[in-house]
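Enquirer: Got a structure for you, my_file.cif, holding mmCIF, C-alpha atoms.
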```
data_run
#
loop_
_atom_site.group_PDB
_atom_site.id
_atom_site.type_symbol
_atom_site.label_atom_id
_atom_site.label_comp_id
_atom_site.auth_asym_id
_atom_site.auth_seq_id
_atom_site.Cartn_x
_atom_site.Cartn_y
_atom_site.Cartn_z
ATOM 1 C CA ALA A 1 9.312 -6.226 22.297
ATOM 2 C CA ARG A 2 9.564 -7.253 25.941
ATOM 3 C CA LEU A 3 8.773 -10.883 25.159
ATOM 4 C CA GLY A 4 11.390 -10.811 22.420
ATOM 5 C CA ALA A 5 13.982 -9.581 24.909
ATOM 6 C CA GLU A 6 13.194 -11.869 27.835
ATOM 7 C CA LEU A 7 12.137 -15.221 26.383
ATOM 8 C CA PRO A 8 15.494 -15.959 24.680
ATOM 9 C CA ARG A 9 17.125 -15.797 28.120
ATOM 10 C CA ARG A 10 15.077 -18.866 29.005
ATOM 11 C CA GLY A 11 16.089 -20.704 25.859
ATOM 12 C CA ILE A 12 12.888 -19.829 23.952
ATOM 13 C CA ALA A 13 13.501 -18.512 20.424
ATOM 14 C CA VAL A 14 11.317 -15.637 19.194
ATOM 15 C CA GLY A 15 10.573 -14.792 15.568
ATOM 16 C CA ARG A 16 8.546 -11.953 14.052
ATOM 17 C CA ILE A 17 6.726 -12.246 10.724
ATOM 18 C CA ASP A 18 6.629 -9.374 8.231
ATOM 19 C CA TYR A 19 3.705 -9.893 5.845
ATOM 20 C CA ARG A 20 4.400 -9.674 2.130
ATOM 21 C CA GLU A 21 0.940 -8.249 1.495
ATOM 22 C CA PRO A 22 -0.445 -6.763 4.733
ATOM 23 C CA GLY A 23 -4.226 -6.836 4.797
ATOM 24 C CA GLU A 24 -4.540 -9.778 2.410
ATOM 25 C CA PHE A 25 -5.687 -12.405 4.885
ATOM 26 C CA ALA A 26 -5.017 -15.559 2.856
ATOM 27 C CA GLU A 27 -1.524 -14.352 1.904
ATOM 28 C CA CYS A 28 -0.751 -13.496 5.515
ATOM 29 C CA VAL A 29 -1.779 -16.982 6.631
ATOM 30 C CA LEU A 30 0.576 -18.374 3.975
ATOM 31 C CA ASP A 31 3.352 -16.166 5.390
ATOM 32 C CA ALA A 32 2.709 -17.608 8.834
ATOM 33 C CA MET A 33 2.802 -21.137 7.420
ATOM 34 C CA ALA A 34 6.090 -20.360 5.663
ATOM 35 C CA ALA A 35 7.512 -19.211 9.004
ATOM 36 C CA LEU A 36 6.363 -22.456 10.639
ATOM 37 C CA ALA A 37 8.001 -24.458 7.862
ATOM 38 C CA PHE A 38 11.237 -22.529 8.380
ATOM 39 C CA LEU A 39 11.164 -23.195 12.124
ATOM 40 C CA ALA A 40 10.495 -26.896 11.546
ATOM 41 C CA GLY A 41 13.470 -26.997 9.190
ATOM 42 C CA THR A 42 15.712 -25.482 11.853
ATOM 43 C CA GLY A 43 14.728 -28.034 14.479
ATOM 44 C CA HIS A 44 11.961 -26.225 16.360
ATOM 45 C CA ARG A 45 9.317 -28.841 17.155
ATOM 46 C CA ARG A 46 7.012 -26.790 19.395
ATOM 47 C CA VAL A 47 5.845 -23.317 18.395
ATOM 48 C CA ALA A 48 3.436 -20.892 20.068
ATOM 49 C CA LEU A 49 1.774 -18.329 17.803
ATOM 50 C CA LEU A 50 1.009 -14.822 19.050
ATOM 51 C CA GLY A 51 -1.010 -12.327 17.027
ATOM 52 C CA HIS A 52 -2.543 -8.899 17.638
ATOM 53 C CA SER A 53 -5.731 -7.544 16.036
ATOM 54 C CA PHE A 54 -5.667 -8.712 12.378
ATOM 55 C CA GLY A 55 -2.734 -10.921 13.350
ATOM 56 C CA GLY A 56 -4.816 -12.628 16.023
ATOM 57 C CA ALA A 57 -7.064 -14.174 13.386
ATOM 58 C CA VAL A 58 -3.994 -15.069 11.304
ATOM 59 C CA ALA A 59 -2.450 -16.850 14.307
ATOM 60 C CA ILE A 60 -5.673 -18.776 14.984
ATOM 61 C CA ASN A 61 -5.978 -19.814 11.339
ATOM 62 C CA ALA A 62 -2.346 -20.857 11.023
ATOM 63 C CA GLY A 63 -2.556 -22.623 14.363
ATOM 64 C CA THR A 64 -5.156 -25.032 12.995
ATOM 65 C CA LEU A 65 -2.801 -25.952 10.129
ATOM 66 C CA GLY A 66 0.648 -26.149 11.698
ATOM 67 C CA ARG A 67 1.496 -29.521 13.209
ATOM 68 C CA GLN A 68 4.133 -28.132 15.557
ATOM 69 C CA VAL A 69 1.894 -25.366 16.956
ATOM 70 C CA SER A 70 1.485 -26.009 20.684
ATOM 71 C CA ALA A 71 -0.506 -22.901 21.705
ATOM 72 C CA VAL A 72 -2.045 -19.721 20.277
ATOM 73 C CA ALA A 73 -2.446 -16.305 21.916
ATOM 74 C CA ALA A 74 -4.721 -13.809 20.164
ATOM 75 C CA ILE A 75 -4.624 -10.250 21.495
ATOM 76 C CA SER A 76 -7.490 -7.864 20.632
ATOM 77 C CA SER A 77 -8.303 -10.221 17.786
ATOM 78 C CA GLN A 78 -10.698 -9.526 14.974
ATOM 79 C CA LEU A 79 -13.495 -12.023 14.393
ATOM 80 C CA ALA A 80 -13.115 -12.186 10.609
ATOM 81 C CA GLY A 81 -10.896 -15.095 9.700
ATOM 82 C CA ALA A 82 -11.193 -16.762 13.108
ATOM 83 C CA HIS A 83 -14.190 -18.880 12.108
ATOM 84 C CA VAL A 84 -12.036 -22.043 12.164
ATOM 85 C CA VAL A 85 -11.125 -21.603 15.842
ATOM 86 C CA ALA A 86 -12.932 -24.788 16.894
ATOM 87 C CA ASP A 87 -10.377 -26.758 14.865
ATOM 88 C CA LEU A 88 -7.578 -25.408 17.061
ATOM 89 C CA ALA A 89 -8.283 -27.922 19.848
ATOM 90 C CA PRO A 90 -6.595 -29.630 21.603
ATOM 91 C CA ARG A 91 -4.088 -26.789 21.429
ATOM 92 C CA PRO A 92 -4.700 -24.204 24.192
ATOM 93 C CA LEU A 93 -6.024 -20.798 23.135
ATOM 94 C CA LEU A 94 -5.562 -17.536 25.044
ATOM 95 C CA LEU A 95 -7.754 -14.556 24.159
ATOM 96 C CA VAL A 96 -6.990 -11.190 25.739
ATOM 97 C CA GLN A 97 -8.782 -7.913 25.048
ATOM 98 C CA GLY A 98 -9.504 -4.663 26.830
ATOM 99 C CA ASN A 99 -13.065 -3.646 27.595
ATOM 100 C CA ALA A 100 -12.165 -0.073 26.586
ATOM 101 C CA ASP A 101 -11.105 -1.100 23.058
ATOM 102 C CA THR A 102 -12.581 1.404 20.593
ATOM 103 C CA ILE A 103 -11.043 -0.221 17.493
ATOM 104 C CA LEU A 104 -12.534 -3.692 17.945
ATOM 105 C CA SER A 105 -15.204 -4.392 20.524
ATOM 106 C CA HIS A 106 -14.343 -6.948 23.189
ATOM 107 C CA GLU A 107 -17.412 -8.790 21.897
ATOM 108 C CA SER A 108 -15.124 -10.010 19.113
ATOM 109 C CA SER A 109 -12.979 -12.005 21.546
ATOM 110 C CA GLU A 110 -16.095 -13.176 23.353
ATOM 111 C CA ALA A 111 -17.545 -14.507 20.096
ATOM 112 C CA ILE A 112 -14.286 -16.311 19.273
ATOM 113 C CA PHE A 113 -14.234 -17.767 22.777
ATOM 114 C CA GLU A 114 -17.773 -19.095 22.378
ATOM 115 C CA ARG A 115 -16.849 -20.819 19.111
ATOM 116 C CA ALA A 116 -13.588 -22.272 20.423
ATOM 117 C CA ALA A 117 -13.293 -25.692 22.030
ATOM 118 C CA GLU A 118 -11.416 -26.434 25.231
ATOM 119 C CA PRO A 119 -8.775 -25.736 26.356
ATOM 120 C CA LYS A 120 -9.453 -22.002 26.074
ATOM 121 C CA THR A 121 -9.001 -18.904 28.220
ATOM 122 C CA LEU A 122 -10.553 -15.443 27.852
ATOM 123 C CA ASN A 123 -9.195 -12.458 29.787
ATOM 124 C CA LEU A 124 -10.991 -9.116 29.476
ATOM 125 C CA VAL A 125 -8.767 -6.418 30.961
ATOM 126 C CA ALA A 126 -10.637 -3.532 32.578
ATOM 127 C CA GLY A 127 -9.758 -0.142 31.112
ATOM 128 C CA ALA A 128 -7.365 -1.470 28.468
ATOM 129 C CA ASP A 129 -7.507 -0.087 24.934
ATOM 130 C CA HIS A 130 -6.752 -1.849 21.642
ATOM 131 C CA ARG A 131 -2.980 -1.566 22.092
ATOM 132 C CA PHE A 132 -2.962 -2.068 25.882
ATOM 133 C CA SER A 133 -1.247 1.324 26.130
ATOM 134 C CA ALA A 134 -1.346 1.567 29.921
ATOM 135 C CA HIS A 135 -1.602 -2.162 30.611
ATOM 136 C CA GLY A 136 1.568 -3.516 29.047
ATOM 137 C CA ASP A 137 2.795 -5.244 32.208
ATOM 138 C CA GLU A 138 -0.510 -7.034 32.722
ATOM 139 C CA LEU A 139 -0.566 -8.195 29.111
ATOM 140 C CA PHE A 140 3.044 -9.369 29.342
ATOM 141 C CA GLU A 141 2.336 -11.416 32.463
ATOM 142 C CA LEU A 142 -0.659 -13.158 30.921
ATOM 143 C CA VAL A 143 1.072 -14.024 27.657
ATOM 144 C CA ASP A 144 4.344 -14.928 29.379
ATOM 145 C CA ALA A 145 2.589 -17.314 31.764
ATOM 146 C CA VAL A 146 0.640 -19.042 29.013
ATOM 147 C CA LEU A 147 3.681 -19.440 26.760
ATOM 148 C CA CYS A 148 5.600 -21.041 29.622
ATOM 149 C CA ALA A 149 2.768 -23.238 30.878
ATOM 150 C CA ASP A 150 1.963 -26.760 29.746
ATOM 151 C CA GLY A 151 -1.701 -25.875 29.285
ATOM 152 C CA SER A 152 -4.153 -23.009 29.558
ATOM 153 C CA VAL A 153 -4.059 -20.682 32.574
ATOM 154 C CA LYS A 154 -7.596 -20.199 33.843
ATOM 155 C CA SER A 155 -7.191 -17.862 36.837
ATOM 156 C CA PRO A 156 -4.859 -15.241 38.360
ATOM 157 C CA VAL A 157 -3.975 -17.837 41.020
ATOM 158 C CA GLY A 158 -2.719 -20.088 38.260
ATOM 159 C CA LEU A 159 -0.276 -17.400 37.193
ATOM 160 C CA THR A 160 1.495 -17.428 40.564
ATOM 161 C CA LEU A 161 2.011 -21.179 40.398
ATOM 162 C CA LEU A 162 4.242 -21.015 37.324
ATOM 163 C CA PRO A 163 7.935 -21.062 38.270
ATOM 164 C CA GLU A 164 8.785 -18.831 35.309
ATOM 165 C CA HIS A 165 6.362 -16.134 36.388
ATOM 166 C CA ARG A 166 7.771 -12.986 37.965
ATOM 167 C CA ARG A 167 5.480 -13.049 40.982
ATOM 168 C CA GLY A 168 6.929 -16.419 41.950
ATOM 169 C CA HIS A 169 5.483 -19.457 43.660
ATOM 170 C CA GLY A 170 2.990 -18.594 46.403
ATOM 171 C CA ALA A 171 3.205 -14.830 45.853
ATOM 172 C CA MET A 172 0.418 -14.040 48.327
ATOM 173 C CA TYR A 173 2.199 -15.874 51.130
ATOM 174 C CA GLY A 174 5.504 -14.318 50.099
ATOM 175 C CA ALA A 175 3.997 -10.864 50.385
ATOM 176 C CA LEU A 176 2.646 -11.659 53.843
ATOM 177 C CA ASN A 177 6.006 -13.017 54.976
ATOM 178 C CA HIS A 178 7.762 -9.850 53.824
ATOM 179 C CA GLY A 179 5.275 -7.531 55.503
ATOM 180 C CA ARG A 180 3.831 -6.126 52.285
ATOM 181 C CA ILE A 181 0.276 -6.910 53.326
ATOM 182 C CA ASP A 182 -1.252 -5.719 56.587
ATOM 183 C CA ALA A 183 -2.133 -9.118 58.060
ATOM 184 C CA GLY A 184 -4.419 -7.578 60.688
ATOM 185 C CA ARG A 185 -6.496 -5.680 58.148
ATOM 186 C CA LEU A 186 -6.607 -8.719 55.851
ATOM 187 C CA ARG A 187 -7.874 -10.864 58.745
ATOM 188 C CA THR A 188 -10.562 -8.283 59.533
ATOM 189 C CA VAL A 189 -11.709 -8.105 55.921
ATOM 190 C CA LEU A 190 -11.898 -11.894 55.603
ATOM 191 C CA ALA A 191 -13.288 -12.819 59.010
ATOM 192 C CA GLY A 192 -15.078 -9.676 60.139
ATOM 193 C CA PRO A 193 -18.350 -9.767 58.155
ATOM 194 C CA PRO A 194 -21.051 -12.018 59.640
ATOM 195 C CA LEU A 195 -21.670 -15.322 57.865
ATOM 196 C CA ARG A 196 -24.850 -15.449 55.819
ATOM 197 C CA ARG A 197 -27.105 -18.353 56.698
ATOM 198 C CA LEU A 198 -29.846 -19.657 54.464
ATOM 199 C CA ALA A 199 -33.129 -20.677 56.057
ATOM 200 C CA GLY A 200 -32.857 -24.156 57.532
ATOM 201 C CA SER A 201 -29.135 -24.429 56.839
ATOM 202 C CA VAL A 202 -26.303 -25.194 59.233
ATOM 203 C CA THR A 203 -23.107 -23.136 59.251
ATOM 204 C CA VAL A 204 -20.076 -25.429 59.249
ATOM 205 C CA PRO A 205 -16.612 -23.937 59.886
ATOM 206 C CA ALA A 206 -13.883 -25.229 57.577
ATOM 207 C CA ALA A 207 -10.102 -25.041 57.532
ATOM 208 C CA GLY A 208 -7.703 -25.438 54.640
ATOM 209 C CA ALA A 209 -4.748 -27.802 54.831
ATOM 210 C CA SER A 210 -1.611 -26.902 52.896
ATOM 211 C CA PRO A 211 2.071 -27.848 53.154
ATOM 212 C CA ARG A 212 3.015 -24.248 52.375
ATOM 213 C CA ARG A 213 4.302 -21.935 55.121
ATOM 214 C CA ARG A 214 1.523 -19.515 56.161
#
```
Step by step, read the file and then write its structure as structure tokens.

Expert:
Amino acid sequence: ARLGAELPRRGIAVGRIDYREPGEFAECVLDAMAALAFLAGTGHRRVALLGHSFGGAVAINAGTLGRQVSAVAAISSQLAGAHVVADLAPRPLLLVQGNADTILSHESSEAIFERAAEPKTLNLVAGADHRFSAHGDELFELVDAVLCADGSVKSPVGLTLLPEHRRGHGAMYGALNHGRIDAGRLRTVLAGPPLRRLAGSVTVPAAGASPRRR
């Protein structure tokens, strides 16, 4: 619902599919293909598919068939029906699932990830259930970033580098500049512990160079 409310403000159209025969996998894939055909007929040349649970496998399957599909996000996806995931490449795939999911084990997303080709991203959210009941904001940020990115997002740092993302460009530095992080404590945590040295090795100090304001 949140994606449906916010993405149109950025000029991204959102459509929701109602299955004619819910639970009939082949028919549901046909419904998704019909939706893609409709979007192509109305001038939409790039489409990202998002599916949850049963719909995750539908999105993966339809994504291998639709020419205008540019990315697929499968949330808490079932494994059944996702056996064709390797054919999705070179389209980016995002898999998100909670490790507290009692409806479908997170091993389902892990198995899909193993079968998928690059580019692919797997995010296992600690404590999240099948519906991400208490983790809606985290799920929104992940899906939002991937839908707005040109390719797959492989790390939390990558999320902050997307101009569309709510945390903005260089969020860590922005927080420091606005006093939201105790710089002294952060310095102690990072620099306080002694450096570990392997036998026979030499410790070499290093500094990072960046044009960004620190």

Enquirer: I'd like the residues picked by the PyMOL selection byres ((chain A and resi 22-38) around 12) written out as a PyMOL selection string, using the chain letters and numbers from the file.

Expert: chain A and resi 14-21+39-51+53-70+78+80-82

Enquirer: Which one is closest to A:His52: A:Ala5, A:Val96, A:Ala126, A:Leu88? Count all atoms listed in the file.

Expert: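 Looking at the shortest contact to A:His52, the residue is A:Val96.
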
Enquirer: One number please: atom CA of A:Ala86 to atom CA of A:Leu124, in Å, one decimal.

Expert: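 Going from atom CA of A:Ala86 over to atom CA of A:Leu124, I get 20.2 Å.
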
Enquirer: Quick one: axis-aligned box around all listed atoms of stretch 11-29 of chain A, 8 Å on every side, centre and edge lengths in Å to one decimal, written as AutoDock Vina command-line options.

Expert:
```
--center_x 5.2 --center_y -13.7 --center_z 13.7 --size_x 37.8 --size_y 29.9 --size_z 40.4
```

Enquirer: So the first atom is atom CA of A:Glu138 and the second is atom CA of A:Ala13; what is the distance between them in Å, to one decimal place?

Expert: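 Result for atom CA of A:Glu138 versus atom CA of A:Ala13: 21.9 Å, one decimal.
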
Enquirer: Quick one, how far is atom CA of A:Arg2 from atom CA of A:Ala73?

Expert: 15.6 Å

Enquirer: Please list as a list in words every residue within 8 Å of A:Leu122, counting only C-alpha atoms and excluding residues in the same chain fewer than 3 positions away.

Expert: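 Close residues of A:Leu122: Leu94, Leu95, Val96, Ser109, Glu110 and Phe113 of chain A.
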
Enquirer: Which residues are close to A:Asp87, i.e. within 8 Å by all atoms listed in the file, leaving aside same-chain residues fewer than 2 positions away? Reply as a CSV table (one decimal) with C-alpha atoms, in the frame of the given file.

Expert:
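Result file follows (around-v8.csv):
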```csv
chain,number,residue,atom,x,y,z
A,64,THR,CA,-5.2,-25.0,13.0
A,84,VAL,CA,-12.0,-22.0,12.2
A,85,VAL,CA,-11.1,-21.6,15.8
A,89,ALA,CA,-8.3,-27.9,19.8
A,116,ALA,CA,-13.6,-22.3,20.4
A,117,ALA,CA,-13.3,-25.7,22.0
```

Enquirer: Which of these, A:Arg9, A:His83, A:Arg91, A:His135, has the shortest distance to A:Ser108 once you count all atoms listed in the file?

Expert: A:His83

Enquirer: On this structure, which residues satisfy the PyMOL selection byres ((chain A and resi 125) around 7), written as a list in words?

Expert: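 In the shown coordinates, the PyMOL selection byres ((chain A and resi 125) around 7) covers Gln97, Gly98, Asn99, Asn123, Leu124, Ala126, Gly127 and Ala128 of chain A.
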